[in-house]
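The structure file work02.cif is reproduced below (mmCIF, N, CA and C atoms).
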data_query
loop_
_atom_site.label_atom_id
_atom_site.label_comp_id
_atom_site.auth_asym_id
_atom_site.auth_seq_id
_atom_site.Cartn_x
_atom_site.Cartn_y
_atom_site.Cartn_z
N MET A 1 -1.68 -13.49 27.45
CA MET A 1 -2.91 -12.83 27.84
C MET A 1 -2.69 -11.35 28.13
N PHE A 2 -1.45 -10.88 27.97
CA PHE A 2 -1.16 -9.49 28.29
C PHE A 2 -1.22 -8.57 27.08
N SER A 3 -1.36 -9.14 25.88
CA SER A 3 -1.50 -8.30 24.69
C SER A 3 -2.76 -7.46 24.83
N ALA A 4 -2.65 -6.19 24.43
CA ALA A 4 -3.79 -5.28 24.58
C ALA A 4 -3.70 -4.16 23.57
N ILE A 5 -4.84 -3.54 23.31
CA ILE A 5 -4.87 -2.32 22.51
C ILE A 5 -5.56 -1.25 23.34
N ARG A 6 -5.12 -0.03 23.16
CA ARG A 6 -5.70 1.08 23.89
C ARG A 6 -6.93 1.58 23.15
N LEU A 7 -8.03 1.67 23.86
CA LEU A 7 -9.29 2.21 23.33
C LEU A 7 -9.72 3.34 24.25
N GLY A 8 -9.52 4.55 23.80
CA GLY A 8 -9.87 5.70 24.64
C GLY A 8 -8.96 5.76 25.84
N ASP A 9 -9.53 5.74 27.04
CA ASP A 9 -8.72 5.84 28.25
C ASP A 9 -8.55 4.50 28.96
N SER A 10 -8.83 3.38 28.27
CA SER A 10 -8.63 2.06 28.88
C SER A 10 -8.05 1.11 27.84
N TYR A 11 -7.81 -0.12 28.26
CA TYR A 11 -7.23 -1.13 27.38
C TYR A 11 -8.18 -2.31 27.21
N LEU A 12 -8.14 -2.90 26.03
CA LEU A 12 -8.85 -4.15 25.74
C LEU A 12 -7.77 -5.20 25.57
N ASN A 13 -7.75 -6.20 26.47
CA ASN A 13 -6.71 -7.21 26.38
C ASN A 13 -7.27 -8.56 25.92
N VAL A 14 -6.37 -9.50 25.69
CA VAL A 14 -6.77 -10.80 25.18
C VAL A 14 -7.72 -11.49 26.15
N TYR A 15 -7.47 -11.39 27.44
CA TYR A 15 -8.35 -12.00 28.43
C TYR A 15 -9.78 -11.45 28.30
N ASP A 16 -9.92 -10.15 28.09
CA ASP A 16 -11.25 -9.55 27.87
C ASP A 16 -11.90 -10.13 26.63
N LEU A 17 -11.12 -10.31 25.58
CA LEU A 17 -11.66 -10.84 24.33
C LEU A 17 -12.14 -12.27 24.47
N TYR A 18 -11.46 -13.07 25.27
CA TYR A 18 -11.90 -14.45 25.48
C TYR A 18 -13.26 -14.52 26.16
N ARG A 19 -13.61 -13.49 26.89
CA ARG A 19 -14.92 -13.46 27.57
C ARG A 19 -15.97 -12.71 26.76
N LEU A 20 -15.59 -12.12 25.65
CA LEU A 20 -16.48 -11.32 24.83
C LEU A 20 -17.06 -12.14 23.69
N ARG A 21 -18.28 -11.86 23.30
CA ARG A 21 -18.88 -12.46 22.10
C ARG A 21 -18.98 -11.36 21.07
N LEU A 22 -18.26 -11.53 19.97
CA LEU A 22 -18.14 -10.51 18.94
C LEU A 22 -18.48 -11.11 17.58
N PRO A 23 -19.77 -11.22 17.25
CA PRO A 23 -20.15 -11.84 15.98
C PRO A 23 -19.99 -10.88 14.80
N ALA A 24 -18.74 -10.49 14.54
CA ALA A 24 -18.46 -9.52 13.47
C ALA A 24 -17.93 -10.25 12.24
N GLU A 25 -18.37 -9.81 11.07
CA GLU A 25 -17.86 -10.38 9.83
C GLU A 25 -16.40 -9.97 9.62
N LEU A 26 -16.07 -8.72 9.95
CA LEU A 26 -14.72 -8.20 9.74
C LEU A 26 -14.37 -7.22 10.85
N VAL A 27 -13.18 -7.38 11.41
CA VAL A 27 -12.62 -6.40 12.33
C VAL A 27 -11.37 -5.86 11.66
N THR A 28 -11.30 -4.55 11.52
CA THR A 28 -10.14 -3.89 10.91
C THR A 28 -9.39 -3.13 11.98
N LEU A 29 -8.11 -3.44 12.11
CA LEU A 29 -7.22 -2.71 13.01
C LEU A 29 -6.14 -2.10 12.13
N SER A 30 -6.34 -0.85 11.76
CA SER A 30 -5.45 -0.22 10.78
C SER A 30 -4.30 0.55 11.40
N GLY A 31 -4.17 0.49 12.71
CA GLY A 31 -3.05 1.18 13.37
C GLY A 31 -1.73 0.47 13.11
N CYS A 32 -0.67 1.05 13.58
CA CYS A 32 0.67 0.52 13.34
C CYS A 32 0.89 -0.85 13.96
N ALA A 33 1.32 -1.79 13.14
CA ALA A 33 1.75 -3.13 13.56
C ALA A 33 0.70 -3.88 14.39
N THR A 34 -0.57 -3.72 14.07
CA THR A 34 -1.62 -4.39 14.84
C THR A 34 -1.66 -5.89 14.63
N GLY A 35 -1.01 -6.39 13.59
CA GLY A 35 -0.99 -7.82 13.32
C GLY A 35 0.21 -8.54 13.89
N LEU A 36 1.08 -7.83 14.58
CA LEU A 36 2.27 -8.45 15.14
C LEU A 36 2.05 -8.79 16.61
N ASN A 37 2.64 -9.88 17.01
CA ASN A 37 2.60 -10.28 18.41
C ASN A 37 4.03 -10.35 18.92
N VAL A 38 4.25 -9.91 20.13
CA VAL A 38 5.56 -9.99 20.74
C VAL A 38 5.57 -11.23 21.62
N ALA A 39 6.58 -12.07 21.45
CA ALA A 39 6.69 -13.26 22.28
C ALA A 39 7.20 -12.86 23.65
N ALA A 40 6.39 -13.13 24.67
CA ALA A 40 6.77 -12.83 26.05
C ALA A 40 6.40 -14.03 26.91
N ALA A 41 7.05 -14.18 28.01
CA ALA A 41 6.78 -15.31 28.90
C ALA A 41 5.29 -15.39 29.23
N GLY A 42 4.70 -16.55 29.01
CA GLY A 42 3.29 -16.75 29.31
C GLY A 42 2.36 -16.22 28.24
N ASP A 43 2.86 -15.65 27.18
CA ASP A 43 2.03 -15.03 26.15
C ASP A 43 2.55 -15.36 24.75
N GLU A 44 3.28 -16.47 24.60
CA GLU A 44 3.98 -16.74 23.36
C GLU A 44 3.09 -16.78 22.12
N ILE A 45 1.97 -17.48 22.16
CA ILE A 45 1.17 -17.64 20.95
C ILE A 45 -0.14 -16.86 20.99
N LEU A 46 -0.31 -16.06 22.01
CA LEU A 46 -1.54 -15.29 22.13
C LEU A 46 -1.32 -13.87 21.65
N GLY A 47 -2.37 -13.26 21.22
CA GLY A 47 -2.28 -11.87 20.79
C GLY A 47 -3.68 -11.36 20.52
N ILE A 48 -3.76 -10.10 20.18
CA ILE A 48 -5.05 -9.48 19.91
C ILE A 48 -5.76 -10.19 18.77
N SER A 49 -5.02 -10.55 17.72
CA SER A 49 -5.66 -11.20 16.57
C SER A 49 -6.29 -12.53 16.98
N ARG A 50 -5.59 -13.34 17.71
CA ARG A 50 -6.17 -14.62 18.16
C ARG A 50 -7.36 -14.38 19.09
N GLY A 51 -7.24 -13.39 19.96
CA GLY A 51 -8.34 -13.07 20.86
C GLY A 51 -9.59 -12.64 20.12
N LEU A 52 -9.43 -11.83 19.07
CA LEU A 52 -10.58 -11.39 18.27
C LEU A 52 -11.24 -12.56 17.55
N LEU A 53 -10.43 -13.46 17.01
CA LEU A 53 -11.00 -14.65 16.34
C LEU A 53 -11.72 -15.54 17.35
N CYS A 54 -11.16 -15.72 18.53
CA CYS A 54 -11.82 -16.52 19.56
C CYS A 54 -13.11 -15.85 20.04
N ALA A 55 -13.17 -14.53 20.01
CA ALA A 55 -14.37 -13.81 20.42
C ALA A 55 -15.49 -13.92 19.39
N GLY A 56 -15.15 -14.37 18.18
CA GLY A 56 -16.18 -14.57 17.18
C GLY A 56 -16.02 -13.79 15.89
N ALA A 57 -14.98 -12.96 15.78
CA ALA A 57 -14.77 -12.24 14.53
C ALA A 57 -14.47 -13.25 13.43
N ARG A 58 -15.13 -13.11 12.31
CA ARG A 58 -14.94 -14.05 11.20
C ARG A 58 -13.60 -13.82 10.50
N SER A 59 -13.24 -12.56 10.32
CA SER A 59 -11.97 -12.23 9.67
C SER A 59 -11.42 -10.93 10.24
N LEU A 60 -10.10 -10.77 10.04
CA LEU A 60 -9.39 -9.59 10.54
C LEU A 60 -8.56 -8.99 9.42
N LEU A 61 -8.48 -7.68 9.39
CA LEU A 61 -7.56 -6.97 8.52
C LEU A 61 -6.61 -6.22 9.44
N LEU A 62 -5.32 -6.60 9.38
CA LEU A 62 -4.33 -6.10 10.33
C LEU A 62 -3.11 -5.55 9.59
N SER A 63 -2.37 -4.69 10.25
CA SER A 63 -1.15 -4.16 9.64
C SER A 63 0.07 -4.90 10.19
N LEU A 64 1.06 -5.11 9.33
CA LEU A 64 2.25 -5.87 9.70
C LEU A 64 3.44 -5.00 10.09
N TRP A 65 3.34 -3.71 9.87
CA TRP A 65 4.40 -2.80 10.28
C TRP A 65 3.81 -1.42 10.53
N ASP A 66 4.66 -0.51 11.01
CA ASP A 66 4.21 0.86 11.24
C ASP A 66 3.79 1.45 9.90
N VAL A 67 2.59 1.95 9.86
CA VAL A 67 2.00 2.39 8.60
C VAL A 67 2.02 3.91 8.48
N HIS A 68 2.02 4.38 7.25
CA HIS A 68 2.00 5.80 6.92
C HIS A 68 0.55 6.28 6.98
N ASP A 69 0.27 7.36 7.69
CA ASP A 69 -1.10 7.83 7.87
C ASP A 69 -1.82 8.08 6.55
N GLU A 70 -1.19 8.82 5.65
CA GLU A 70 -1.83 9.14 4.37
C GLU A 70 -2.02 7.88 3.52
N GLY A 71 -1.01 7.03 3.50
CA GLY A 71 -1.11 5.78 2.75
C GLY A 71 -2.20 4.88 3.29
N THR A 72 -2.33 4.81 4.61
CA THR A 72 -3.37 4.00 5.23
C THR A 72 -4.75 4.55 4.92
N THR A 73 -4.90 5.85 4.98
CA THR A 73 -6.18 6.48 4.65
C THR A 73 -6.57 6.15 3.22
N SER A 74 -5.63 6.27 2.31
CA SER A 74 -5.87 5.96 0.91
C SER A 74 -6.23 4.49 0.72
N PHE A 75 -5.47 3.61 1.35
CA PHE A 75 -5.73 2.17 1.24
C PHE A 75 -7.12 1.82 1.78
N MET A 76 -7.44 2.30 2.98
CA MET A 76 -8.71 1.95 3.61
C MET A 76 -9.91 2.50 2.82
N THR A 77 -9.77 3.69 2.29
CA THR A 77 -10.84 4.25 1.46
C THR A 77 -11.09 3.35 0.26
N ARG A 78 -10.02 2.95 -0.41
CA ARG A 78 -10.15 2.06 -1.57
C ARG A 78 -10.68 0.69 -1.16
N PHE A 79 -10.20 0.17 -0.02
CA PHE A 79 -10.65 -1.14 0.45
C PHE A 79 -12.16 -1.15 0.69
N TYR A 80 -12.67 -0.19 1.43
CA TYR A 80 -14.09 -0.20 1.75
C TYR A 80 -14.96 0.09 0.53
N ARG A 81 -14.46 0.85 -0.42
CA ARG A 81 -15.21 1.04 -1.67
C ARG A 81 -15.25 -0.26 -2.46
N ALA A 82 -14.12 -0.95 -2.54
CA ALA A 82 -14.04 -2.20 -3.31
C ALA A 82 -14.83 -3.32 -2.63
N ARG A 83 -14.97 -3.24 -1.33
CA ARG A 83 -15.65 -4.30 -0.58
C ARG A 83 -17.14 -4.37 -0.88
N ILE A 84 -17.70 -3.29 -1.38
CA ILE A 84 -19.11 -3.29 -1.76
C ILE A 84 -19.26 -4.22 -2.96
N GLY A 85 -19.92 -5.33 -2.77
CA GLY A 85 -20.15 -6.28 -3.85
C GLY A 85 -19.02 -7.26 -4.10
N GLU A 86 -17.95 -7.22 -3.33
CA GLU A 86 -16.83 -8.14 -3.49
C GLU A 86 -16.54 -8.84 -2.17
N ASP A 87 -15.87 -10.00 -2.26
CA ASP A 87 -15.43 -10.64 -1.02
C ASP A 87 -14.25 -9.85 -0.47
N THR A 88 -13.94 -10.07 0.79
CA THR A 88 -12.92 -9.28 1.48
C THR A 88 -11.55 -9.44 0.84
N ALA A 89 -11.17 -10.66 0.48
CA ALA A 89 -9.85 -10.87 -0.14
C ALA A 89 -9.71 -10.11 -1.45
N SER A 90 -10.73 -10.12 -2.26
CA SER A 90 -10.70 -9.38 -3.53
C SER A 90 -10.63 -7.88 -3.28
N ALA A 91 -11.32 -7.40 -2.26
CA ALA A 91 -11.28 -5.97 -1.94
C ALA A 91 -9.89 -5.55 -1.48
N VAL A 92 -9.23 -6.39 -0.69
CA VAL A 92 -7.86 -6.08 -0.27
C VAL A 92 -6.94 -6.06 -1.49
N ARG A 93 -7.07 -7.05 -2.36
CA ARG A 93 -6.25 -7.10 -3.58
C ARG A 93 -6.45 -5.84 -4.42
N ASP A 94 -7.70 -5.44 -4.63
CA ASP A 94 -7.98 -4.26 -5.44
C ASP A 94 -7.43 -2.99 -4.79
N ALA A 95 -7.57 -2.88 -3.46
CA ALA A 95 -7.04 -1.71 -2.75
C ALA A 95 -5.51 -1.67 -2.85
N MET A 96 -4.88 -2.84 -2.77
CA MET A 96 -3.42 -2.89 -2.91
C MET A 96 -3.00 -2.44 -4.31
N ARG A 97 -3.68 -2.94 -5.31
CA ARG A 97 -3.33 -2.56 -6.69
C ARG A 97 -3.50 -1.07 -6.94
N GLU A 98 -4.61 -0.52 -6.47
CA GLU A 98 -4.86 0.92 -6.67
C GLU A 98 -3.85 1.77 -5.89
N THR A 99 -3.56 1.36 -4.66
CA THR A 99 -2.59 2.11 -3.86
C THR A 99 -1.20 1.99 -4.47
N LYS A 100 -0.85 0.80 -4.96
CA LYS A 100 0.46 0.58 -5.57
C LYS A 100 0.64 1.45 -6.82
N ALA A 101 -0.43 1.65 -7.57
CA ALA A 101 -0.35 2.49 -8.78
C ALA A 101 0.04 3.93 -8.42
N ARG A 102 -0.40 4.41 -7.26
CA ARG A 102 -0.09 5.78 -6.84
C ARG A 102 1.19 5.86 -6.01
N HIS A 103 1.45 4.80 -5.25
CA HIS A 103 2.62 4.75 -4.35
C HIS A 103 3.31 3.41 -4.57
N PRO A 104 4.26 3.32 -5.51
CA PRO A 104 4.85 2.03 -5.88
C PRO A 104 5.62 1.30 -4.78
N HIS A 105 6.13 2.00 -3.79
CA HIS A 105 6.91 1.33 -2.75
C HIS A 105 5.99 0.48 -1.87
N PRO A 106 6.38 -0.78 -1.57
CA PRO A 106 5.54 -1.68 -0.75
C PRO A 106 5.20 -1.13 0.63
N TYR A 107 6.00 -0.22 1.15
CA TYR A 107 5.71 0.39 2.45
C TYR A 107 4.29 0.93 2.49
N TYR A 108 3.79 1.44 1.38
CA TYR A 108 2.48 2.08 1.33
C TYR A 108 1.34 1.10 1.03
N TRP A 109 1.57 0.10 0.19
CA TRP A 109 0.46 -0.73 -0.27
C TRP A 109 0.45 -2.15 0.30
N ALA A 110 1.55 -2.58 0.94
CA ALA A 110 1.63 -3.98 1.37
C ALA A 110 1.60 -4.23 2.87
N PRO A 111 1.29 -3.28 3.74
CA PRO A 111 1.36 -3.60 5.16
C PRO A 111 0.17 -4.38 5.71
N PHE A 112 -0.88 -4.54 4.92
CA PHE A 112 -2.10 -5.13 5.47
C PHE A 112 -2.24 -6.61 5.10
N ALA A 113 -2.69 -7.39 6.07
CA ALA A 113 -2.87 -8.83 5.86
C ALA A 113 -4.22 -9.25 6.43
N LEU A 114 -4.79 -10.26 5.81
CA LEU A 114 -6.05 -10.83 6.27
C LEU A 114 -5.79 -12.08 7.10
N ALA A 115 -6.62 -12.29 8.10
CA ALA A 115 -6.58 -13.50 8.91
C ALA A 115 -8.01 -13.99 9.09
N GLY A 116 -8.18 -15.28 9.26
CA GLY A 116 -9.51 -15.84 9.47
C GLY A 116 -10.13 -16.31 8.19
N LYS A 117 -11.44 -16.32 8.17
CA LYS A 117 -12.20 -16.77 6.98
C LYS A 117 -12.70 -15.53 6.24
N PHE A 118 -12.16 -15.32 5.06
CA PHE A 118 -12.52 -14.10 4.34
C PHE A 118 -13.08 -14.38 2.96
N ARG A 119 -13.36 -15.63 2.66
CA ARG A 119 -14.05 -16.01 1.42
C ARG A 119 -15.14 -17.00 1.78
N ASP A 120 -16.16 -17.06 0.96
CA ASP A 120 -17.26 -17.97 1.23
C ASP A 120 -16.99 -19.39 0.76
N HIS A 121 -15.90 -19.61 0.01
CA HIS A 121 -15.61 -20.94 -0.47
C HIS A 121 -14.24 -21.41 -0.04
#

Serialized structure, structure tokens:
Amino acid sequence: MFSAIRLGDSYLNVYDLYRLRLPAELVTLSGCATGLNVAAAGDEILGISRGLLCAGARSLLLSLWDVHDEGTTSFMTRFYRARIGEDTASAVRDAMRETKARHPHPYYWAPFALAGKFRDH
């Protein structure tokens, strides 16, 4: 319950998320390593991602490692353009392919992962 992200001058922690109702189709956390959880006493399987899903987010787009600012900007721009008229998984795939064409190293195009329900079928 101690996992948290800084928002402005305060923190949003897992406990806050369990009390929050967040009927969002997609929550994107594009900062560094937002999809990783650190195992700590009393907090082994909890994290921001689980808290967001429990709060009602349908799906999450999270980063698995420290991301490059320019690469992330490029990826997110492509992702949100591709998401118009496509399901979320297809938009992530398309953004990865386009980013990979410009930046072949996986560091730039592969840090993002989806969690939750991101397809209608």

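Using all atoms listed in the file, the residues found no farther than 6.5 Å from Ala4 (chain A), other than those of its own chain fewer than 6 positions away, are Tyr11, Leu12, Asn13, Val14 and Ile48 of chain A.
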
_Counting all atoms listed in the file, the residue of A:Pro111, A:His105, A:Thr77, A:Gly8 that sits nearest Leu64 (chain A)_ =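 So, comparing all the options, the nearest one is A:Pro111.
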
_as a list in words, please: the residues near region 27-30 of chain A (cut-off 5 Å, all atoms listed in the file, same-chain neighbours under 2 positions excluded)._
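The neighbour list is Glu25, Cys32, Ser59, Leu60, Leu61, Leu62 and Ser63 of chain A.
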
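Distances here use only C-alpha atoms; by that measure, the residue among A:Ile5, A:Ala95, A:Ala55, A:Ala115 closest to Arg83 (chain A) is A:Ala95.
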
*Go through A:Arg21, A:Arg6, A:His103, A:Arg81 and flag the residue nearest Ala57 (chain A), using all atoms listed in the file for the distances.*
A:Arg21

*asked:* What's the separation between atom C of Pro106 (chain A) and atom N of His68 (chain A), in Å to one decimal place?
replied: 9.2 Å

*Could you tell me how far CA of Ser74 (chain A) lies from CA of Lys100 (chain A), in Å and to one decimal?*
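Interatomic distance here is 10.5 Å.
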
_Taking only chain A into account, list the residues labelled alpha helix (DSSP H) by DSSP (computed from the backbone), as an NGL selection string._
:A and (14-19 or 48-55 or 69-83 or 88-102 or 106-109)

Keeping only N, CA and C atoms, write those residues as a short mmCIF file (atom, residue, chain, number, x, y, z; two decimals), in the coordinates of the input.
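For reference, result17.cif as written:
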data_model
loop_
_atom_site.label_atom_id
_atom_site.label_comp_id
_atom_site.auth_asym_id
_atom_site.auth_seq_id
_atom_site.Cartn_x
_atom_site.Cartn_y
_atom_site.Cartn_z
N VAL A 14 -6.37 -9.50 25.69
CA VAL A 14 -6.77 -10.80 25.18
C VAL A 14 -7.72 -11.49 26.15
N TYR A 15 -7.47 -11.39 27.44
CA TYR A 15 -8.35 -12.00 28.43
C TYR A 15 -9.78 -11.45 28.30
N ASP A 16 -9.92 -10.15 28.09
CA ASP A 16 -11.25 -9.55 27.87
C ASP A 16 -11.90 -10.13 26.63
N LEU A 17 -11.12 -10.31 25.58
CA LEU A 17 -11.66 -10.84 24.33
C LEU A 17 -12.14 -12.27 24.47
N TYR A 18 -11.46 -13.07 25.27
CA TYR A 18 -11.90 -14.45 25.48
C TYR A 18 -13.26 -14.52 26.16
N ARG A 19 -13.61 -13.49 26.89
CA ARG A 19 -14.92 -13.46 27.57
C ARG A 19 -15.97 -12.71 26.76
N ILE A 48 -3.76 -10.10 20.18
CA ILE A 48 -5.05 -9.48 19.91
C ILE A 48 -5.76 -10.19 18.77
N SER A 49 -5.02 -10.55 17.72
CA SER A 49 -5.66 -11.20 16.57
C SER A 49 -6.29 -12.53 16.98
N ARG A 50 -5.59 -13.34 17.71
CA ARG A 50 -6.17 -14.62 18.16
C ARG A 50 -7.36 -14.38 19.09
N GLY A 51 -7.24 -13.39 19.96
CA GLY A 51 -8.34 -13.07 20.86
C GLY A 51 -9.59 -12.64 20.12
N LEU A 52 -9.43 -11.83 19.07
CA LEU A 52 -10.58 -11.39 18.27
C LEU A 52 -11.24 -12.56 17.55
N LEU A 53 -10.43 -13.46 17.01
CA LEU A 53 -11.00 -14.65 16.34
C LEU A 53 -11.72 -15.54 17.35
N CYS A 54 -11.16 -15.72 18.53
CA CYS A 54 -11.82 -16.52 19.56
C CYS A 54 -13.11 -15.85 20.04
N ALA A 55 -13.17 -14.53 20.01
CA ALA A 55 -14.37 -13.81 20.42
C ALA A 55 -15.49 -13.92 19.39
N ASP A 69 0.27 7.36 7.69
CA ASP A 69 -1.10 7.83 7.87
C ASP A 69 -1.82 8.08 6.55
N GLU A 70 -1.19 8.82 5.65
CA GLU A 70 -1.83 9.14 4.37
C GLU A 70 -2.02 7.88 3.52
N GLY A 71 -1.01 7.03 3.50
CA GLY A 71 -1.11 5.78 2.75
C GLY A 71 -2.20 4.88 3.29
N THR A 72 -2.33 4.81 4.61
CA THR A 72 -3.37 4.00 5.23
C THR A 72 -4.75 4.55 4.92
N THR A 73 -4.90 5.85 4.98
CA THR A 73 -6.18 6.48 4.65
C THR A 73 -6.57 6.15 3.22
N SER A 74 -5.63 6.27 2.31
CA SER A 74 -5.87 5.96 0.91
C SER A 74 -6.23 4.49 0.72
N PHE A 75 -5.47 3.61 1.35
CA PHE A 75 -5.73 2.17 1.24
C PHE A 75 -7.12 1.82 1.78
N MET A 76 -7.44 2.30 2.98
CA MET A 76 -8.71 1.95 3.61
C MET A 76 -9.91 2.50 2.82
N THR A 77 -9.77 3.69 2.29
CA THR A 77 -10.84 4.25 1.46
C THR A 77 -11.09 3.35 0.26
N ARG A 78 -10.02 2.95 -0.41
CA ARG A 78 -10.15 2.06 -1.57
C ARG A 78 -10.68 0.69 -1.16
N PHE A 79 -10.20 0.17 -0.02
CA PHE A 79 -10.65 -1.14 0.45
C PHE A 79 -12.16 -1.15 0.69
N TYR A 80 -12.67 -0.19 1.43
CA TYR A 80 -14.09 -0.20 1.75
C TYR A 80 -14.96 0.09 0.53
N ARG A 81 -14.46 0.85 -0.42
CA ARG A 81 -15.21 1.04 -1.67
C ARG A 81 -15.25 -0.26 -2.46
N ALA A 82 -14.12 -0.95 -2.54
CA ALA A 82 -14.04 -2.20 -3.31
C ALA A 82 -14.83 -3.32 -2.63
N ARG A 83 -14.97 -3.24 -1.33
CA ARG A 83 -15.65 -4.30 -0.58
C ARG A 83 -17.14 -4.37 -0.88
N THR A 88 -13.94 -10.07 0.79
CA THR A 88 -12.92 -9.28 1.48
C THR A 88 -11.55 -9.44 0.84
N ALA A 89 -11.17 -10.66 0.48
CA ALA A 89 -9.85 -10.87 -0.14
C ALA A 89 -9.71 -10.11 -1.45
N SER A 90 -10.73 -10.12 -2.26
CA SER A 90 -10.70 -9.38 -3.53
C SER A 90 -10.63 -7.88 -3.28
N ALA A 91 -11.32 -7.40 -2.26
CA ALA A 91 -11.28 -5.97 -1.94
C ALA A 91 -9.89 -5.55 -1.48
N VAL A 92 -9.23 -6.39 -0.69
CA VAL A 92 -7.86 -6.08 -0.27
C VAL A 92 -6.94 -6.06 -1.49
N ARG A 93 -7.07 -7.05 -2.36
CA ARG A 93 -6.25 -7.10 -3.58
C ARG A 93 -6.45 -5.84 -4.42
N ASP A 94 -7.70 -5.44 -4.63
CA ASP A 94 -7.98 -4.26 -5.44
C ASP A 94 -7.43 -2.99 -4.79
N ALA A 95 -7.57 -2.88 -3.46
CA ALA A 95 -7.04 -1.71 -2.75
C ALA A 95 -5.51 -1.67 -2.85
N MET A 96 -4.88 -2.84 -2.77
CA MET A 96 -3.42 -2.89 -2.91
C MET A 96 -3.00 -2.44 -4.31
N ARG A 97 -3.68 -2.94 -5.31
CA ARG A 97 -3.33 -2.56 -6.69
C ARG A 97 -3.50 -1.07 -6.94
N GLU A 98 -4.61 -0.52 -6.47
CA GLU A 98 -4.86 0.92 -6.67
C GLU A 98 -3.85 1.77 -5.89
N THR A 99 -3.56 1.36 -4.66
CA THR A 99 -2.59 2.11 -3.86
C THR A 99 -1.20 1.99 -4.47
N LYS A 100 -0.85 0.80 -4.96
CA LYS A 100 0.46 0.58 -5.57
C LYS A 100 0.64 1.45 -6.82
N ALA A 101 -0.43 1.65 -7.57
CA ALA A 101 -0.35 2.49 -8.78
C ALA A 101 0.04 3.93 -8.42
N ARG A 102 -0.40 4.41 -7.26
CA ARG A 102 -0.09 5.78 -6.84
C ARG A 102 1.19 5.86 -6.01
N PRO A 106 6.38 -0.78 -1.57
CA PRO A 106 5.54 -1.68 -0.75
C PRO A 106 5.20 -1.13 0.63
N TYR A 107 6.00 -0.22 1.15
CA TYR A 107 5.71 0.39 2.45
C TYR A 107 4.29 0.93 2.49
N TYR A 108 3.79 1.44 1.38
CA TYR A 108 2.48 2.08 1.33
C TYR A 108 1.34 1.10 1.03
N TRP A 109 1.57 0.10 0.19
CA TRP A 109 0.46 -0.73 -0.27
C TRP A 109 0.45 -2.15 0.30
#

*asked:* Just the number, please: distance in Å from atom N of Met96 (chain A) to CA of Leu17 (chain A), one decimal.
replied: 29.1 Å

*Can you tell me, as a ChimeraX atom specification, what residues are no more than 8 Å from Phe79 (chain A) when counting only C-alpha atoms, ignoring any on the same chain fewer than 5 positions away?*
/A:91-92,94-95

Kindly compute an axis-aligned box around the listed atoms of region 102-121 of chain A, allowing 6 Å on each side, and express its centre and edge lengths in Å to one decimal as lines of an AutoDock Vina configuration file.
center_x = -5.2
center_y = -7.8
center_z = 1.1
size_x = 36.2
size_y = 39.3
size_z = 28.7

_Residues matched by the PyMOL selection byres (((chain A and resi 56 and name CA) around 8) and name CA) as a ChimeraX atom specification_ = /A:21-24,52-55,57-58

*Nearest to Gly71 (chain A): which of A:Gly47, A:Trp109, A:Arg97, A:Glu86 is it, counting only C-alpha atoms?*
A:Trp109

*Closest of A:Ala110, A:Ala101, A:Leu26, A:Ala89 to Thr72 (chain A) - atom-to-atom distances counting only C-alpha atoms*: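 Counting only C-alpha atoms, the residue closest to Thr72 (chain A) is A:Ala110.
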